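*Asks:* Hey, dropping start.csv in here, CSV, C-alpha atoms:
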chain,number,residue,atom,x,y,z
L,235,MET,CA,23.0,1.2,-5.7
L,236,LYS,CA,20.5,0.3,-8.3
L,237,SER,CA,19.6,3.4,-10.3
L,238,LEU,CA,16.6,4.5,-12.4
L,239,GLU,CA,18.7,4.0,-15.6
L,240,GLU,CA,16.9,0.7,-16.6
L,241,LEU,CA,13.6,2.6,-16.8
L,242,LYS,CA,14.7,4.3,-19.9
L,243,ALA,CA,15.0,1.0,-21.7
L,244,ILE,CA,11.5,0.1,-20.5
L,245,ARG,CA,10.2,3.3,-21.9
L,246,GLU,CA,11.9,2.7,-25.3
L,247,LYS,CA,10.4,-0.7,-25.4
L,248,MET,CA,6.9,0.5,-24.6
L,249,GLN,CA,6.9,3.3,-27.1
L,250,GLY,CA,4.4,2.8,-29.8
L,251,GLN,CA,2.5,0.2,-27.8
L,252,VAL,CA,-0.6,2.3,-27.3
L,253,GLY,CA,-3.5,1.2,-25.1
L,254,PHE,CA,-1.3,-0.8,-22.8
L,255,ARG,CA,-2.8,0.5,-19.7
L,256,SER,CA,-5.2,-2.1,-18.3
L,257,GLU,CA,-7.9,0.4,-17.4
L,258,ASN,CA,-10.1,0.0,-20.4
L,259,GLU,CA,-13.8,-0.2,-19.8
L,260,ASP,CA,-14.4,-3.6,-21.3
L,261,GLY,CA,-11.9,-5.2,-19.0
L,262,THR,CA,-12.4,-7.0,-15.7
L,263,ARG,CA,-11.8,-5.1,-12.4
L,264,VAL,CA,-10.5,-6.9,-9.4
L,265,VAL,CA,-10.8,-4.7,-6.3
L,266,VAL,CA,-9.1,-5.4,-3.0
L,267,GLY,CA,-10.3,-3.8,0.3
L,268,MET,CA,-7.4,-1.9,1.8
L,269,ALA,CA,-8.8,-0.1,4.8
L,270,THR,CA,-7.4,-0.8,8.3
L,271,CYS,CA,-9.6,-3.9,8.6
L,272,GLY,CA,-8.4,-5.3,5.3
L,273,ILE,CA,-4.7,-4.5,6.0
L,274,ALA,CA,-4.9,-6.1,9.4
L,275,SER,CA,-6.3,-9.3,8.1
L,276,GLY,CA,-3.8,-9.7,5.3
L,277,ALA,CA,-4.9,-7.7,2.2
L,278,ARG,CA,-1.4,-6.5,1.3
L,279,PRO,CA,-0.1,-9.9,0.1
L,280,VAL,CA,-3.4,-10.6,-1.7
L,281,LEU,CA,-3.2,-7.3,-3.6
L,282,ASN,CA,0.5,-7.7,-4.4
L,283,GLU,CA,0.0,-11.3,-5.6
L,284,LEU,CA,-2.8,-10.2,-7.9
L,285,VAL,CA,-0.7,-7.5,-9.4
L,286,LYS,CA,2.1,-9.9,-9.9
L,287,GLN,CA,-0.1,-12.6,-11.5
L,288,VAL,CA,-1.7,-10.1,-13.8
L,289,ASN,CA,1.8,-8.9,-14.9
L,290,ASP,CA,3.3,-12.4,-15.2
L,291,ARG,CA,0.4,-13.6,-17.3
L,292,LYS,CA,0.4,-10.4,-19.4
L,293,LEU,CA,-3.3,-9.8,-18.8
L,294,THR,CA,-3.9,-6.5,-20.4
L,295,ASP,CA,-7.7,-6.5,-19.8
L,296,VAL,CA,-7.6,-7.1,-16.1
L,297,ALA,CA,-7.2,-4.1,-13.7
L,298,VAL,CA,-6.3,-4.6,-10.1
L,299,THR,CA,-7.4,-1.7,-7.9
L,300,GLN,CA,-8.0,-1.0,-4.2
L,301,THR,CA,-10.9,0.3,-2.2
L,302,GLY,CA,-11.7,1.2,1.4
L,303,CYS,CA,-13.8,-0.5,4.0
L,304,ILE,CA,-17.1,-1.9,2.7
L,305,GLY,CA,-18.5,-2.6,6.2
L,306,LEU,CA,-17.8,-6.3,6.4
L,307,CYS,CA,-14.6,-6.1,8.4
L,308,GLN,CA,-14.9,-9.6,9.9
L,309,TYR,CA,-14.8,-11.1,6.4
L,310,GLU,CA,-11.7,-9.3,5.2
L,311,PRO,CA,-9.5,-9.6,3.1
L,312,ILE,CA,-12.3,-9.0,0.6
L,313,VAL,CA,-11.9,-9.2,-3.1
L,314,GLU,CA,-14.6,-8.0,-5.5
L,315,VAL,CA,-14.6,-9.1,-9.1
L,316,TYR,CA,-16.4,-6.9,-11.7
L,317,LYS,CA,-16.8,-8.5,-15.1
L,318,PRO,CA,-18.4,-6.4,-17.8
L,319,GLY,CA,-22.1,-7.3,-18.1
L,320,GLU,CA,-22.1,-9.6,-15.1
L,321,GLU,CA,-23.1,-9.1,-11.5
L,322,LYS,CA,-20.3,-8.3,-9.0
L,323,VAL,CA,-19.0,-11.2,-7.1
L,324,THR,CA,-17.6,-10.7,-3.6
L,325,TYR,CA,-15.0,-13.1,-2.2
L,326,VAL,CA,-14.3,-13.1,1.5
L,327,LYS,CA,-11.5,-14.2,3.8
L,328,MET,CA,-9.0,-14.2,0.9
L,329,THR,CA,-5.4,-15.3,0.9
L,330,ALA,CA,-2.8,-14.8,-1.9
L,331,ASP,CA,-3.4,-18.5,-2.9
L,332,LYS,CA,-7.2,-18.2,-3.0
L,333,ALA,CA,-6.9,-15.0,-5.0
L,334,VAL,CA,-4.8,-16.8,-7.6
L,335,GLU,CA,-7.4,-19.5,-7.8
L,336,VAL,CA,-10.2,-16.9,-8.3
L,337,LEU,CA,-8.1,-15.2,-11.0
L,338,GLU,CA,-7.6,-18.5,-12.8
L,339,LYS,CA,-11.1,-20.0,-12.4
L,340,HIS,CA,-13.3,-16.9,-12.4
L,341,VAL,CA,-11.6,-14.0,-14.1
L,342,LEU,CA,-10.0,-16.1,-16.8
L,343,GLY,CA,-12.1,-19.3,-16.8
L,344,GLY,CA,-15.5,-17.6,-16.3
L,345,THR,CA,-16.6,-19.9,-13.4
L,346,VAL,CA,-17.3,-18.3,-10.0
L,347,VAL,CA,-15.4,-20.0,-7.2
L,348,GLU,CA,-18.6,-20.4,-5.0
L,349,ASP,CA,-16.8,-21.7,-1.9
L,350,TYR,CA,-15.1,-18.4,-1.3
L,351,THR,CA,-18.0,-16.1,-2.0
L,352,LEU,CA,-19.9,-14.0,0.5
L,353,ASN,CA,-23.1,-15.9,-0.4
L,354,LYS,CA,-21.6,-19.1,1.0
L,355,ILE,CA,-21.1,-17.5,4.4
L,356,LYS,CA,-24.0,-17.5,6.8
L,357,LEU,CA,-24.3,-13.8,7.8
X,215,MET,CA,-3.3,-4.3,16.2
X,216,LEU,CA,-1.5,-4.4,12.9
X,217,PRO,CA,1.4,-6.9,13.4
X,218,GLU,CA,4.1,-5.1,11.5
X,219,ILE,CA,5.2,-1.4,11.5
X,220,SER,CA,5.1,-1.5,7.7
X,221,LEU,CA,1.4,-2.4,7.8
X,222,ASN,CA,0.8,0.7,9.9
X,223,VAL,CA,2.7,2.7,7.3
X,224,LEU,CA,0.4,1.4,4.6
X,225,ASP,CA,-2.7,2.2,6.7
X,226,ILE,CA,-1.6,5.7,7.7
X,227,ALA,CA,-0.7,6.4,4.0
X,228,GLN,CA,-4.2,5.4,3.0
X,229,ASN,CA,-5.5,8.3,5.2
X,230,SER,CA,-3.2,10.7,3.2
X,231,ILE,CA,-4.7,9.3,0.0
X,232,LYS,CA,-8.2,9.8,1.3
X,233,ALA,CA,-7.2,13.4,2.3
X,234,GLY,CA,-6.6,14.1,-1.3
X,235,ALA,CA,-2.8,14.4,-1.0
X,236,LYS,CA,-0.8,14.9,-4.2
X,237,LEU,CA,2.5,14.1,-2.5
X,238,VAL,CA,3.1,11.6,0.3
X,239,GLU,CA,6.6,11.5,1.9
X,240,ILE,CA,7.5,8.4,3.9
X,241,GLU,CA,10.7,8.1,5.8
X,242,VAL,CA,12.0,5.1,7.8
X,243,SER,CA,15.2,5.8,9.6
X,244,ARG,CA,17.1,3.2,11.7
X,245,MET,CA,19.9,4.1,14.1
X,246,ARG,CA,21.6,0.8,15.0
X,247,GLN,CA,23.8,2.2,17.8
X,248,ASP,CA,20.8,3.9,19.5
X,249,LYS,CA,18.5,0.9,18.8
X,250,THR,CA,15.8,3.3,17.6
X,251,MET,CA,13.8,3.6,14.5
X,252,THR,CA,11.9,6.7,13.5
X,253,LEU,CA,9.0,6.9,11.0
X,254,SER,CA,7.5,9.9,9.4
X,255,ILE,CA,4.7,10.2,7.0
X,256,ASN,CA,4.0,13.7,5.6
X,257,ASP,CA,1.3,14.6,3.1
X,258,ASP,CA,-0.1,17.7,1.5
X,259,GLY,CA,-3.7,16.6,1.8
X,260,CYS,CA,-6.7,18.5,3.2
X,261,GLY,CA,-5.4,18.4,6.8
X,262,MET,CA,-7.4,18.6,10.0
X,263,ASP,CA,-8.5,21.4,12.3
X,264,ALA,CA,-7.5,21.4,16.0
X,265,GLU,CA,-10.6,19.7,17.1
X,266,GLN,CA,-10.3,16.8,14.6
X,267,LEU,CA,-6.7,16.5,15.4
X,268,GLU,CA,-7.4,16.0,19.1
X,269,ARG,CA,-10.0,13.3,18.3
X,270,VAL,CA,-8.0,11.4,15.7
X,271,ILE,CA,-5.9,9.6,18.4
X,272,ASP,CA,-9.2,8.4,19.9
X,273,PRO,CA,-10.1,5.0,18.6
X,274,PHE,CA,-13.8,5.8,18.8
X,275,PHE,CA,-13.4,8.6,16.3
X,276,THR,CA,-13.4,8.5,12.5
X,277,SER,CA,-14.0,11.0,9.7
X,278,ARG,CA,-16.2,8.4,8.0
X,279,THR,CA,-19.9,8.6,8.3
X,280,THR,CA,-20.6,4.9,7.6
X,281,ARG,CA,-19.2,3.6,10.9
X,282,LYS,CA,-18.1,5.0,14.2
X,283,ILE,CA,-14.6,3.9,14.9
X,284,GLY,CA,-11.2,4.6,13.3
X,285,LEU,CA,-8.3,2.5,14.5
X,286,GLY,CA,-5.4,3.3,12.2
X,287,VAL,CA,-3.9,6.3,14.0
X,288,PRO,CA,-4.5,4.8,17.5
X,289,PHE,CA,-2.8,1.5,16.4
X,290,LEU,CA,0.4,3.3,15.4
X,291,LYS,CA,0.4,5.4,18.5
X,292,GLN,CA,0.0,2.3,20.7
X,293,ALA,CA,2.7,0.4,18.8
X,294,ALA,CA,5.2,3.2,19.2
X,295,GLU,CA,4.4,3.8,22.9
X,296,ALA,CA,4.4,0.1,23.7
X,297,SER,CA,8.1,0.0,22.7
X,298,GLY,CA,8.9,3.0,25.0
X,299,GLY,CA,8.9,5.3,22.0
X,300,SER,CA,6.8,8.3,21.1
X,301,PHE,CA,4.1,9.4,18.7
X,302,ARG,CA,3.2,12.8,17.3
X,303,ILE,CA,0.7,14.1,14.8
X,304,THR,CA,0.4,17.6,13.5
X,305,SER,CA,-1.9,19.0,10.9
X,306,GLU,CA,-3.1,22.2,9.3
X,307,VAL,CA,-6.3,22.6,7.2
X,308,ASN,CA,-5.5,22.7,3.5
X,309,LYS,CA,-1.8,22.3,4.2
X,310,GLY,CA,-1.4,18.6,5.2
X,311,THR,CA,-0.7,16.2,8.0
X,312,GLN,CA,2.6,15.0,9.5
X,313,VAL,CA,2.8,11.8,11.5
X,314,PHE,CA,5.9,11.0,13.4
X,315,ALA,CA,6.7,7.9,15.5
X,316,THR,CA,9.8,6.6,17.3
X,317,PHE,CA,10.4,3.0,18.2
X,318,HIS,CA,12.9,1.4,20.6
X,319,THR,CA,13.9,-1.6,18.6
X,320,ASP,CA,15.5,-3.5,21.5
X,321,HIS,CA,12.2,-3.3,23.5
X,322,ILE,CA,10.5,-6.7,23.9
X,323,ASP,CA,7.2,-5.1,22.7
X,324,CYS,CA,8.6,-3.5,19.6
X,325,MET,CA,7.0,-5.0,16.6
X,326,PRO,CA,9.2,-5.7,13.5
X,327,LEU,CA,9.3,-3.3,10.6
X,328,GLY,CA,8.1,-6.1,8.4
X,329,ASP,CA,7.9,-6.0,4.7
X,330,ILE,CA,8.2,-2.3,4.1
X,331,ASN,CA,9.0,-2.8,0.4
X,332,SER,CA,5.6,-4.5,-0.1
X,333,THR,CA,3.9,-1.5,1.5
X,334,ILE,CA,5.7,1.0,-0.7
X,335,PHE,CA,5.2,-1.2,-3.8
X,336,SER,CA,1.4,-1.4,-3.3
X,337,LEU,CA,1.1,2.3,-2.6
X,338,VAL,CA,3.1,3.3,-5.7
X,339,THR,CA,1.3,0.9,-8.1
X,340,MET,CA,-2.2,1.5,-6.8
X,341,ASN,CA,-2.1,5.3,-6.7
X,342,GLU,CA,-0.6,6.4,-10.0
X,343,ASP,CA,-2.3,9.8,-9.8
X,344,LEU,CA,-0.2,10.9,-6.8
X,345,ASP,CA,3.4,11.0,-6.0
X,346,PHE,CA,5.4,9.2,-3.3
X,347,VAL,CA,8.9,9.9,-1.9
X,348,TYR,CA,10.2,7.0,0.1
X,349,THR,CA,13.4,7.2,2.0
X,350,TYR,CA,15.0,4.3,3.9
X,351,ARG,CA,18.0,5.1,6.0
X,352,VAL,CA,20.2,3.0,8.2
X,353,ASP,CA,22.7,5.0,10.2
X,354,GLN,CA,24.5,7.2,7.5
X,355,LYS,CA,23.4,5.3,4.4
X,356,GLU,CA,20.1,5.9,2.6
X,357,PHE,CA,18.2,5.5,-0.6
X,358,THR,CA,15.2,7.2,-2.0
X,359,LEU,CA,12.4,6.2,-4.4
X,360,ASP,CA,10.8,9.3,-5.8
X,361,THR,CA,7.9,8.6,-8.2
X,362,ARG,CA,8.3,12.1,-9.7
X,363,GLU,CA,11.7,11.1,-11.1
X,364,ILE,CA,10.3,7.8,-12.3
X,365,ARG,CA,7.3,9.4,-13.9
X,366,GLU,CA,9.6,11.8,-15.7
X,367,ILE,CA,11.5,8.9,-17.3
X,368,LEU,CA,8.5,6.7,-18.0
X,369,GLY,CA,6.3,9.3,-19.6
X,370,ASN,CA,2.9,7.7,-20.1
X,371,VAL,CA,4.0,4.1,-19.3
X,372,SER,CA,2.0,2.8,-16.4
X,373,PHE,CA,3.5,1.9,-13.0
X,374,GLN,CA,1.5,-1.3,-13.4
X,375,ASN,CA,3.4,-2.2,-16.5
X,376,ALA,CA,5.0,-5.7,-15.9
X,377,ASP,CA,8.5,-4.5,-16.6
X,378,VAL,CA,8.0,-1.5,-14.3
X,379,THR,CA,6.7,-3.5,-11.4
X,380,ALA,CA,9.6,-5.9,-11.8
X,381,PHE,CA,12.0,-3.0,-11.7
X,382,LEU,CA,10.3,-1.4,-8.7
X,383,ARG,CA,10.5,-4.7,-6.7
X,384,GLU,CA,14.2,-5.0,-7.5
X,385,TYR,CA,15.0,-1.4,-6.9
X,386,LEU,CA,13.4,-1.6,-3.4
X,387,SER,CA,14.9,-4.9,-2.4
X,388,GLU,CA,18.4,-4.4,-3.8
X,389,ASN,CA,18.8,-0.9,-2.4
X,390,GLN,CA,17.4,-1.9,1.0
X,391,LEU,CA,20.0,-4.7,1.2
X,392,GLU,CA,22.8,-2.3,0.3
X,393,VAL,CA,21.8,0.3,2.8
X,394,GLU,CA,21.6,-2.4,5.5
X,395,GLN,CA,25.1,-3.8,4.8
What would the structure in this file look like if it were written as structure tokens?

*Replies:*
Amino acid sequence: MKSLEELKAIREKMQGQVGFRSENEDGTRVVVGMATCGIASGARPVLNELVKQVNDRKLTDVAVTQTGCIGLCQYEPIVEVYKPGEEKVTYVKMTADKAVEVLEKHVLGGTVVEDYTLNKIKL
Amino acid sequence: MLPEISLNVLDIAQNSIKAGAKLVEIEVSRMRQDKTMTLSINDDGCGMDAEQLERVIDPFFTSRTTRKIGLGVPFLKQAAEASGGSFRITSEVNKGTQVFATFHTDHIDCMPLGDINSTIFSLVTMNEDLDFVYTYRVDQKEFTLDTREIREILGNVSFQNADVTAFLREYLSENQLEVEQ
């Protein structure tokens, strides 16, 4: 059985590294809809992939969080990107792969991936 | 319908979170000989009164005011009963809610458990302000992930820390494999 022992080493390593938590106000927030509609259409792998990418790339100013149903169930999984000082961008019908693309091009690169946005969809 | 039991777990746990729970206990218990799997999700959230409780299994009821249907609880009930199993929900105002389901795993309509570790991982990393106790049991063997223990060791290191998330993924998958052996 794997024990919790390794966590002690992680704590030691992190000590003194203040402000590690990625919830600072100047950072970008990436929000995934995790209500029944989101979960049913595949939000869980989208969310977990985003967390993994943010960790793997050591992005300390990007926070991945979840929200409930925003009332557009048929377009789930939905990912909203909030960059400081910019208007919110809503991405619809996300997959883990599309989410990585959004992370690279929009969150990191600054260019909105128009093809996946809500604006592209005829409501 | 949610295609995996583990997705139902994620969805039901979101109700606990919305109910303001501080502690959510999730248990998955598989009995190979009996070909059954039981699932329980207990929380210490705001709970429901008798009237709400009666309506919560009705798909055309939701506590939300922005829409008129809530499918999470009915989905789980339907999934359990479709496998010849059972479903029960109990609740008390200001005390919490208990959801309990049994599945017959040899039934043709029994959905797979699915990626339960992904469910637990996303709950733990997305809700750092509350605690989870997850127990996975196969016959006599079991393991537990208790965020209160983890929190005590980590101090103020975030569950979203890269090393911590890597640890959590390994902890869940390695211990699940061992329990299943």

*Asks:* Can you list, as a PyMOL selection string, every protein, DNA or RNA residue that comes within 8 Å of Cys307 in chain L when you count all atoms listed in the file, leaving out same-chain residues fewer than 4 positions away?

*Replies:* chain L and resi 271-272+303

*Asks:* Just the residues within 12 Å of Asp343 in chain X, please, counting only C-alpha atoms, with nothing from its chain fewer than 3 positions along; format it as a ChimeraX atom specification.

*Replies:* /X:231,234-238,337-340,346,361-362,365,370,372-373

*Asks:* Could you dump the residues just selected with C-alpha atoms as a tab-separated table (two decimals), in the frame of the given file?

*Replies:*
chain	number	residue	atom	x	y	z
X	231	ILE	CA	-4.70	9.30	0.00
X	234	GLY	CA	-6.60	14.10	-1.30
X	235	ALA	CA	-2.80	14.40	-1.00
X	236	LYS	CA	-0.80	14.90	-4.20
X	237	LEU	CA	2.50	14.10	-2.50
X	238	VAL	CA	3.10	11.60	0.30
X	337	LEU	CA	1.10	2.30	-2.60
X	338	VAL	CA	3.10	3.30	-5.70
X	339	THR	CA	1.30	0.90	-8.10
X	340	MET	CA	-2.20	1.50	-6.80
X	346	PHE	CA	5.40	9.20	-3.30
X	361	THR	CA	7.90	8.60	-8.20
X	362	ARG	CA	8.30	12.10	-9.70
X	365	ARG	CA	7.30	9.40	-13.90
X	370	ASN	CA	2.90	7.70	-20.10
X	372	SER	CA	2.00	2.80	-16.40
X	373	PHE	CA	3.50	1.90	-13.00

*Asks:* Select, as a JSON list (two decimals) with C-alpha atoms, in the coordinates of the input, those residues of chain L with any atom no more than 6 Å from chain X (distances computed using all atoms listed in the file).

*Replies:*
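Writing the result to iface-v2.json gives the following:
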[["chain", "number", "residue", "atom", "x", "y", "z"],
["L", 235, "MET", "CA", 23.00, 1.20, -5.70],
["L", 236, "LYS", "CA", 20.50, 0.30, -8.30],
["L", 245, "ARG", "CA", 10.20, 3.30, -21.90],
["L", 270, "THR", "CA", -7.40, -0.80, 8.30],
["L", 274, "ALA", "CA", -4.90, -6.10, 9.40],
["L", 289, "ASN", "CA", 1.80, -8.90, -14.90]]

*Asks:* Under the rule that only C-alpha atoms are counted, which of X:Thr319, X:Ser305, X:Ser230, X:Thr349 is the nearest residue to Thr250 in chain X?

*Replies:*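 Using only C-alpha atoms, the shortest distance to Thr250 in chain X belongs to X:Thr319.
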
*Asks:* Enter the distance from CA of Val347 in chain L to CA of Val264 in chain L, in Å, rounded to one decimal.

*Replies:*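 Result for CA of Val347 in chain L versus CA of Val264 in chain L: 14.2 Å, one decimal.
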
*Asks:* Can you pull out the residues contacting Glu348 in chain L? Cut-off 10 Å, using all atoms listed in the file, and skip same-chain residues under 4 positions away; I want them as a VMD selection string.

*Replies:* chain L and resid 323 to 325 336 340 352 to 354

*Asks:* So how far away is CA of Thr351 in chain L from CA of Glu338 in chain L, in Å?

*Replies:*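 These atoms are spaced 15.2 Å apart.
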
*Asks:* So, with all atoms listed in the file as the atoms that count, which of L:Tyr316, L:Leu281, L:Lys292, L:Glu240 lies closest to Val266 in chain L?

*Replies:*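 Looking at the shortest contact to Val266 in chain L, the residue is L:Leu281.
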